[in-house]
file work_14.pdb (PDB, C-alpha atoms, pLDDT in the B column)
MODEL        1
ATOM      1  CA  MET G   1      26.063 -34.380   8.082  1.00 92.00           C
ATOM      2  CA  LYS G   2      25.356 -31.119   6.280  1.00 97.00           C
ATOM      3  CA  LYS G   3      22.029 -29.741   7.515  1.00 98.00           C
ATOM      4  CA  ILE G   4      21.621 -29.252  11.257  1.00 98.00           C
ATOM      5  CA  THR G   5      18.187 -28.639  12.723  1.00 98.00           C
ATOM      6  CA  VAL G   6      18.508 -26.379  15.741  1.00 98.00           C
ATOM      7  CA  TYR G   7      15.691 -26.024  18.256  1.00 98.00           C
ATOM      8  CA  CYS G   8      15.938 -22.977  20.495  1.00 96.00           C
ATOM      9  CA  GLY G   9      14.033 -20.280  22.301  1.00 94.00           C
ATOM     10  CA  SER G  10      11.959 -17.499  20.813  1.00 94.00           C
ATOM     11  CA  ARG G  11      13.327 -15.523  23.766  1.00 96.00           C
ATOM     12  CA  LYS G  12      16.957 -14.823  24.651  1.00 96.00           C
ATOM     13  CA  GLY G  13      16.770 -15.823  28.303  1.00 95.00           C
ATOM     14  CA  ASN G  14      17.885 -13.791  31.309  1.00 96.00           C
ATOM     15  CA  SER G  15      21.643 -14.060  30.789  1.00 97.00           C
ATOM     16  CA  PRO G  16      23.766 -12.782  27.903  1.00 97.00           C
ATOM     17  CA  ILE G  17      25.603 -16.121  27.993  1.00 98.00           C
ATOM     18  CA  PHE G  18      22.772 -17.727  25.997  1.00 98.00           C
ATOM     19  CA  GLU G  19      23.092 -15.261  23.127  1.00 98.00           C
ATOM     20  CA  SER G  20      26.891 -15.657  23.154  1.00 98.00           C
ATOM     21  CA  ALA G  21      26.495 -19.439  23.059  1.00 98.00           C
ATOM     22  CA  ALA G  22      24.107 -19.204  20.085  1.00 98.00           C
ATOM     23  CA  ARG G  23      26.700 -17.140  18.230  1.00 98.00           C
ATOM     24  CA  ALA G  24      29.461 -19.607  19.156  1.00 98.00           C
ATOM     25  CA  LEU G  25      27.421 -22.543  17.843  1.00 98.00           C
ATOM     26  CA  ALA G  26      26.694 -20.675  14.615  1.00 98.00           C
ATOM     27  CA  GLN G  27      30.388 -19.847  14.161  1.00 98.00           C
ATOM     28  CA  GLU G  28      31.335 -23.513  14.595  1.00 98.00           C
ATOM     29  CA  MET G  29      28.633 -24.535  12.116  1.00 98.00           C
ATOM     30  CA  ILE G  30      29.939 -21.923   9.649  1.00 98.00           C
ATOM     31  CA  ARG G  31      33.495 -23.228  10.091  1.00 98.00           C
ATOM     32  CA  ARG G  32      32.261 -26.728   9.198  1.00 98.00           C
ATOM     33  CA  ASP G  33      30.126 -25.508   6.289  1.00 98.00           C
ATOM     34  CA  HIS G  34      26.835 -26.672   7.833  1.00 98.00           C
ATOM     35  CA  SER G  35      23.427 -25.322   6.888  1.00 98.00           C
ATOM     36  CA  LEU G  36      20.867 -24.321   9.518  1.00 98.00           C
ATOM     37  CA  ILE G  37      17.313 -25.588   9.607  1.00 98.00           C
ATOM     38  CA  TYR G  38      15.233 -23.895  12.281  1.00 97.00           C
ATOM     39  CA  GLY G  39      11.791 -22.560  13.159  1.00 96.00           C
ATOM     40  CA  ALA G  40      12.167 -19.378  11.045  1.00 96.00           C
ATOM     41  CA  GLY G  41      11.758 -16.903  13.893  1.00 94.00           C
ATOM     42  CA  ARG G  42      13.428 -13.507  13.847  1.00 95.00           C
ATOM     43  CA  VAL G  43      13.150 -13.197  17.633  1.00 95.00           C
ATOM     44  CA  GLY G  44      15.057 -14.626  20.591  1.00 96.00           C
ATOM     45  CA  LEU G  45      17.844 -17.163  20.186  1.00 97.00           C
ATOM     46  CA  MET G  46      16.207 -18.219  16.932  1.00 97.00           C
ATOM     47  CA  GLY G  47      16.937 -14.831  15.399  1.00 97.00           C
ATOM     48  CA  VAL G  48      20.442 -14.706  16.874  1.00 98.00           C
ATOM     49  CA  ILE G  49      21.599 -18.003  15.377  1.00 98.00           C
ATOM     50  CA  ALA G  50      19.929 -17.304  12.019  1.00 98.00           C
ATOM     51  CA  ASP G  51      21.500 -13.839  11.737  1.00 98.00           C
ATOM     52  CA  GLU G  52      24.936 -15.205  12.665  1.00 98.00           C
ATOM     53  CA  MET G  53      24.673 -17.989  10.068  1.00 98.00           C
ATOM     54  CA  LEU G  54      23.462 -15.594   7.379  1.00 98.00           C
ATOM     55  CA  GLY G  55      26.249 -13.165   8.260  1.00 98.00           C
ATOM     56  CA  GLY G  56      28.709 -16.020   7.684  1.00 98.00           C
ATOM     57  CA  GLY G  57      27.256 -16.727   4.251  1.00 98.00           C
ATOM     58  CA  GLN G  58      25.645 -20.043   5.184  1.00 98.00           C
ATOM     59  CA  GLU G  59      22.321 -21.445   4.052  1.00 98.00           C
ATOM     60  CA  VAL G  60      19.470 -20.867   6.508  1.00 98.00           C
ATOM     61  CA  ILE G  61      16.220 -22.758   5.950  1.00 98.00           C
ATOM     62  CA  GLY G  62      13.352 -21.509   8.087  1.00 97.00           C
ATOM     63  CA  ILE G  63      10.159 -23.530   8.500  1.00 97.00           C
ATOM     64  CA  ILE G  64       7.181 -21.736  10.030  1.00 96.00           C
ATOM     65  CA  PRO G  65       3.394 -22.099  10.200  1.00 96.00           C
ATOM     66  CA  GLN G  66       1.281 -19.419   8.524  1.00 96.00           C
ATOM     67  CA  LYS G  67      -0.208 -18.409  11.878  1.00 94.00           C
ATOM     68  CA  LEU G  68       3.233 -17.268  13.092  1.00 92.00           C
ATOM     69  CA  VAL G  69       3.926 -15.509   9.800  1.00 93.00           C
ATOM     70  CA  ASP G  70       0.668 -13.615  10.360  1.00 92.00           C
ATOM     71  CA  ARG G  71       1.961 -12.569  13.806  1.00 89.00           C
ATOM     72  CA  GLU G  72       5.014 -11.095  12.049  1.00 82.00           C
ATOM     73  CA  VAL G  73       7.653 -13.252  13.717  1.00 88.00           C
ATOM     74  CA  ALA G  74       9.013 -14.823  10.509  1.00 94.00           C
ATOM     75  CA  HIS G  75      12.625 -14.076   9.592  1.00 95.00           C
ATOM     76  CA  ARG G  76      12.308 -12.725   6.055  1.00 94.00           C
ATOM     77  CA  GLY G  77      16.068 -12.904   5.508  1.00 96.00           C
ATOM     78  CA  CYS G  78      16.221 -16.723   5.426  1.00 97.00           C
ATOM     79  CA  THR G  79      17.855 -18.269   2.377  1.00 97.00           C
ATOM     80  CA  GLU G  80      14.660 -20.306   2.084  1.00 97.00           C
ATOM     81  CA  LEU G  81      11.470 -19.635   4.035  1.00 97.00           C
ATOM     82  CA  ILE G  82       9.035 -22.553   4.006  1.00 97.00           C
ATOM     83  CA  ILE G  83       5.533 -21.701   5.188  1.00 97.00           C
ATOM     84  CA  VAL G  84       3.426 -24.638   6.360  1.00 97.00           C
ATOM     85  CA  GLU G  85      -0.088 -24.954   7.719  1.00 97.00           C
ATOM     86  CA  THR G  86       0.432 -26.350  11.221  1.00 95.00           C
ATOM     87  CA  MET G  87       3.043 -26.783  13.945  1.00 93.00           C
ATOM     88  CA  ARG G  88       2.907 -30.528  13.302  1.00 94.00           C
ATOM     89  CA  ASP G  89       3.781 -29.947   9.664  1.00 96.00           C
ATOM     90  CA  ARG G  90       6.656 -27.721  10.776  1.00 95.00           C
ATOM     91  CA  LYS G  91       8.042 -30.263  13.228  1.00 94.00           C
ATOM     92  CA  TRP G  92       7.863 -33.144  10.780  1.00 94.00           C
ATOM     93  CA  LEU G  93       9.530 -31.185   7.981  1.00 96.00           C
ATOM     94  CA  MET G  94      12.302 -30.045  10.345  1.00 96.00           C
ATOM     95  CA  ALA G  95      12.823 -33.668  11.445  1.00 94.00           C
ATOM     96  CA  GLU G  96      12.779 -34.943   7.891  1.00 94.00           C
ATOM     97  CA  GLN G  97      15.187 -32.373   6.444  1.00 95.00           C
ATOM     98  CA  GLY G  98      17.795 -32.295   9.220  1.00 96.00           C
ATOM     99  CA  ASP G  99      20.795 -34.629   9.217  1.00 97.00           C
ATOM    100  CA  GLY G 100      21.192 -34.038  12.953  1.00 98.00           C
ATOM    101  CA  PHE G 101      19.530 -32.082  15.757  1.00 98.00           C
ATOM    102  CA  ILE G 102      20.642 -29.711  18.483  1.00 98.00           C
ATOM    103  CA  ALA G 103      18.428 -28.463  21.293  1.00 98.00           C
ATOM    104  CA  MET G 104      19.737 -25.169  22.638  1.00 98.00           C
ATOM    105  CA  PRO G 105      18.187 -23.536  25.687  1.00 98.00           C
ATOM    106  CA  GLY G 106      14.525 -22.822  25.051  1.00 97.00           C
ATOM    107  CA  GLY G 107      11.020 -23.191  26.374  1.00 96.00           C
ATOM    108  CA  ILE G 108       8.153 -25.646  26.001  1.00 96.00           C
ATOM    109  CA  GLY G 109       8.386 -25.788  22.203  1.00 94.00           C
ATOM    110  CA  THR G 110      12.073 -26.665  22.355  1.00 97.00           C
ATOM    111  CA  LEU G 111      11.418 -29.375  24.937  1.00 97.00           C
ATOM    112  CA  GLU G 112       8.579 -30.794  22.851  1.00 96.00           C
ATOM    113  CA  GLU G 113      10.829 -30.953  19.787  1.00 96.00           C
ATOM    114  CA  LEU G 114      13.644 -32.541  21.790  1.00 96.00           C
ATOM    115  CA  PHE G 115      11.393 -35.292  23.107  1.00 94.00           C
ATOM    116  CA  GLU G 116       9.818 -35.885  19.718  1.00 95.00           C
ATOM    117  CA  ILE G 117      13.218 -36.508  18.137  1.00 95.00           C
ATOM    118  CA  MET G 118      14.214 -38.750  21.054  1.00 92.00           C
ATOM    119  CA  THR G 119      11.036 -40.747  20.473  1.00 91.00           C
ATOM    120  CA  LEU G 120      11.509 -40.926  16.691  1.00 92.00           C
ATOM    121  CA  ASN G 121      15.061 -42.207  17.231  1.00 90.00           C
ATOM    122  CA  GLN G 122      13.971 -44.733  19.859  1.00 87.00           C
ATOM    123  CA  LEU G 123      11.260 -46.120  17.596  1.00 88.00           C
ATOM    124  CA  HIS G 124      13.603 -46.102  14.574  1.00 88.00           C
ATOM    125  CA  TYR G 125      11.489 -43.756  12.486  1.00 91.00           C
ATOM    126  CA  ILE G 126      14.745 -41.864  12.079  1.00 92.00           C
ATOM    127  CA  GLN G 127      18.327 -42.657  13.087  1.00 92.00           C
ATOM    128  CA  LYS G 128      20.010 -39.275  13.417  1.00 95.00           C
ATOM    129  CA  PRO G 129      22.195 -37.677  16.089  1.00 97.00           C
ATOM    130  CA  LEU G 130      20.480 -35.578  18.745  1.00 97.00           C
ATOM    131  CA  ALA G 131      22.382 -33.229  21.030  1.00 97.00           C
ATOM    132  CA  LEU G 132      21.678 -31.035  24.025  1.00 97.00           C
ATOM    133  CA  TYR G 133      23.702 -27.831  23.941  1.00 98.00           C
ATOM    134  CA  ASN G 134      23.880 -27.575  27.713  1.00 98.00           C
ATOM    135  CA  VAL G 135      24.793 -23.893  27.965  1.00 98.00           C
ATOM    136  CA  ASN G 136      25.497 -22.762  31.526  1.00 97.00           C
ATOM    137  CA  GLY G 137      24.023 -26.008  32.880  1.00 98.00           C
ATOM    138  CA  TYR G 138      20.608 -25.156  31.414  1.00 98.00           C
ATOM    139  CA  TYR G 139      19.669 -28.822  30.941  1.00 97.00           C
ATOM    140  CA  ASP G 140      21.261 -30.229  34.139  1.00 97.00           C
ATOM    141  CA  LYS G 141      17.933 -30.764  35.917  1.00 97.00           C
ATOM    142  CA  LEU G 142      16.396 -32.344  32.809  1.00 96.00           C
ATOM    143  CA  ILE G 143      19.360 -34.736  32.573  1.00 94.00           C
ATOM    144  CA  ASP G 144      18.850 -35.571  36.258  1.00 94.00           C
ATOM    145  CA  PHE G 145      15.178 -36.248  35.577  1.00 94.00           C
ATOM    146  CA  LEU G 146      15.969 -38.525  32.612  1.00 92.00           C
ATOM    147  CA  ASN G 147      18.366 -40.472  34.843  1.00 91.00           C
ATOM    148  CA  HIS G 148      15.616 -40.666  37.474  1.00 94.00           C
ATOM    149  CA  GLY G 149      13.235 -42.053  34.831  1.00 91.00           C
ATOM    150  CA  MET G 150      15.795 -44.746  34.032  1.00 91.00           C
ATOM    151  CA  GLU G 151      16.310 -45.583  37.690  1.00 92.00           C
ATOM    152  CA  GLN G 152      12.550 -45.934  38.100  1.00 94.00           C
ATOM    153  CA  GLY G 153      12.332 -48.281  35.101  1.00 91.00           C
ATOM    154  CA  PHE G 154      10.439 -46.022  32.688  1.00 91.00           C
ATOM    155  CA  LEU G 155      13.299 -45.226  30.325  1.00 87.00           C
ATOM    156  CA  TYR G 156      15.553 -47.783  28.700  1.00 81.00           C
ATOM    157  CA  PRO G 157      19.250 -47.362  29.535  1.00 76.00           C
ATOM    158  CA  GLU G 158      19.944 -47.259  25.780  1.00 74.00           C
ATOM    159  CA  GLN G 159      17.979 -44.002  25.562  1.00 74.00           C
ATOM    160  CA  GLU G 160      20.746 -42.177  27.388  1.00 70.00           C
ATOM    161  CA  GLY G 161      23.111 -43.214  24.616  1.00 73.00           C
ATOM    162  CA  LEU G 162      20.817 -41.594  22.066  1.00 79.00           C
ATOM    163  CA  LEU G 163      21.507 -38.142  23.504  1.00 91.00           C
ATOM    164  CA  ILE G 164      24.767 -36.228  23.020  1.00 95.00           C
ATOM    165  CA  ILE G 165      25.368 -33.651  25.753  1.00 96.00           C
ATOM    166  CA  SER G 166      27.964 -30.875  25.854  1.00 97.00           C
ATOM    167  CA  ASP G 167      28.370 -27.183  26.543  1.00 98.00           C
ATOM    168  CA  ASP G 168      31.075 -26.892  23.867  1.00 98.00           C
ATOM    169  CA  PRO G 169      29.876 -26.427  20.262  1.00 98.00           C
ATOM    170  CA  ALA G 170      32.966 -28.032  18.680  1.00 98.00           C
ATOM    171  CA  GLU G 171      32.686 -31.103  20.924  1.00 98.00           C
ATOM    172  CA  LEU G 172      28.952 -31.300  20.259  1.00 97.00           C
ATOM    173  CA  LEU G 173      29.405 -31.256  16.473  1.00 98.00           C
ATOM    174  CA  ASP G 174      32.361 -33.694  16.659  1.00 98.00           C
ATOM    175  CA  GLN G 175      30.228 -36.193  18.569  1.00 96.00           C
ATOM    176  CA  MET G 176      27.343 -35.705  16.161  1.00 97.00           C
ATOM    177  CA  ALA G 177      29.650 -36.342  13.188  1.00 96.00           C
ATOM    178  CA  ALA G 178      30.895 -39.551  14.843  1.00 95.00           C
ATOM    179  CA  TYR G 179      27.356 -40.748  15.680  1.00 94.00           C
ATOM    180  CA  THR G 180      26.372 -44.280  14.781  1.00 89.00           C
ATOM    181  CA  PRO G 181      22.854 -45.539  15.496  1.00 82.00           C
ATOM    182  CA  LYS G 182      22.661 -47.660  18.630  1.00 71.00           C
ATOM    183  CA  GLY G 183      20.352 -50.280  19.982  1.00 59.00           C
ATOM    184  CA  SER G 184      18.079 -52.756  18.355  1.00 54.00           C
ATOM    185  CA  SER G 185      14.769 -52.021  16.743  1.00 53.00           C
ATOM    186  CA  ASP G 186      13.310 -54.058  19.607  1.00 54.00           C
ATOM    187  CA  TRP G 187      12.805 -51.194  22.035  1.00 49.00           C
TER
ENDMDL
END
call {"tool": "encode", "arguments": {"input": "work_14.pdb", "output": "structure tokens"}}
result
Amino acid sequence: MKKITVYCGSRKGNSPIFESAARALAQEMIRRDHSLIYGAGRVGLMGVIADEMLGGGQEVIGIIPQKLVDREVAHRGCTELIIVETMRDRKWLMAEQGDGFIAMPGGIGTLEELFEIMTLNQLHYIQKPLALYNVNGYYDKLIDFLNHGMEQGFLYPEQEGLLIISDDPAELLDQMAAYTPKGSSDW
């Protein structure tokens, strides 16, 4: 596992703990010699993790649609900046290029990306580790909802095993490195 796709907010959130956590994740990725694949933003947590990775001398691959480049949110300091036509192109390329995925705190886009990777793993389009970086309990209510979905019979119990959850970046990356695909292709 070399290239980690990180999904995160284009905002920093209301607490400085989120920015600190982004830096901590980047430092752990630097220590392990990982590359970052992300949405190429220079703003919010996206900019924080990219700047920290670049400051540590690591490769940062940003993937962004032209429309967002036109709005001047692209991080021009990326090692490689890939400009695509649509958000769908961006998401697929990020999924294709990453060896594993981490969803940090973020908004609707982050949630969409998280669920897309969960779905791709469930349907065996990909078989790659997916983790929630549960900073300050950010994802606690989502985890509760996923458990509720299982209890109500809409999610397979195996789906819970497809999601690595931790608030510690070292533990998160350790579990991702130890990941082995689970379940049958008979979802």
call {"tool": "resolve_selection", "arguments": {"input": "work_14.pdb", "expression": "the PyMOL selection byres ((chain G and resi 92) around 12)", "output": "VMD selection string"}}
result
chain G and resid 5 38 to 39 63 to 65 84 to 91 93 to 98 113 116 to 117 120 125 to 126
call {"tool": "residues_around", "arguments": {"input": "work_14.pdb", "residues": "stretch 168-182 of chain G", "least_positions_apart": "5", "cutoff": "10 Å", "atoms": "only C-alpha atoms", "output": "number ranges by chain"}}
result
G: 1-2, 4, 21-22, 24-29, 31-32, 99-102, 121-122, 124, 126-135, 158-159, 161-163
call {"tool": "atom_distance", "arguments": {"input": "work_14.pdb", "atom1": "atom CA of G:His75", "atom2": "atom CA of G:Arg23"}}
result
16.8 Å
call {"tool": "residues_around", "arguments": {"input": "work_14.pdb", "residues": "G:Met53", "least_positions_apart": "5", "cutoff": "7 Å", "atoms": "only C-alpha atoms", "output": "MDAnalysis selection string"}}
result
chainID G and resid 26 30 58 60
call {"tool": "residues_near_point", "arguments": {"input": "work_14.pdb", "point": "(9.6, -16.7, 20.7)", "cutoff": "6 Å", "atoms": "all atoms listed in the file", "output": "VMD selection string"}}
result
chain G and resid 9 to 11 43 to 44
call {"tool": "atom_distance", "arguments": {"input": "work_14.pdb", "atom1": "atom CA of G:Gly62", "atom2": "atom CA of G:Leu123"}}
result
26.5 Å
call {"tool": "resolve_selection", "arguments": {"input": "work_14.pdb", "expression": "the PyMOL selection byres ((chain G and resi 136) around 8)", "output": "ChimeraX atom specification"}}
result
/G:17-18,134-135,137-138,167
call {"tool": "write_last_selection", "arguments": {"input": "work_14.pdb", "atoms": "C-alpha atoms", "output": "JSON list (two decimals), in the coordinates of the input"}}
result
[["chain", "number", "residue", "atom", "x", "y", "z"],
["G", 17, "ILE", "CA", 25.60, -16.12, 27.99],
["G", 18, "PHE", "CA", 22.77, -17.73, 26.00],
["G", 134, "ASN", "CA", 23.88, -27.58, 27.71],
["G", 135, "VAL", "CA", 24.79, -23.89, 27.96],
["G", 137, "GLY", "CA", 24.02, -26.01, 32.88],
["G", 138, "TYR", "CA", 20.61, -25.16, 31.41],
["G", 167, "ASP", "CA", 28.37, -27.18, 26.54]]
call {"tool": "atom_distance", "arguments": {"input": "work_14.pdb", "atom1": "atom CA of G:Val48", "atom2": "atom CA of G:Glu19"}}
result
6.8 Å
call {"tool": "closest_residue", "arguments": {"input": "work_14.pdb", "among": "G:Arg42, G:Leu36, G:Met104, G:Leu142", "to": "G:Thr79", "atoms": "only C-alpha atoms"}}
result
G:Leu36
call {"tool": "closest_residue", "arguments": {"input": "work_14.pdb", "among": "G:Lys12, G:Arg76, G:Lys3, G:Lys141", "to": "G:His34", "atoms": "only C-alpha atoms"}}
result
G:Lys3
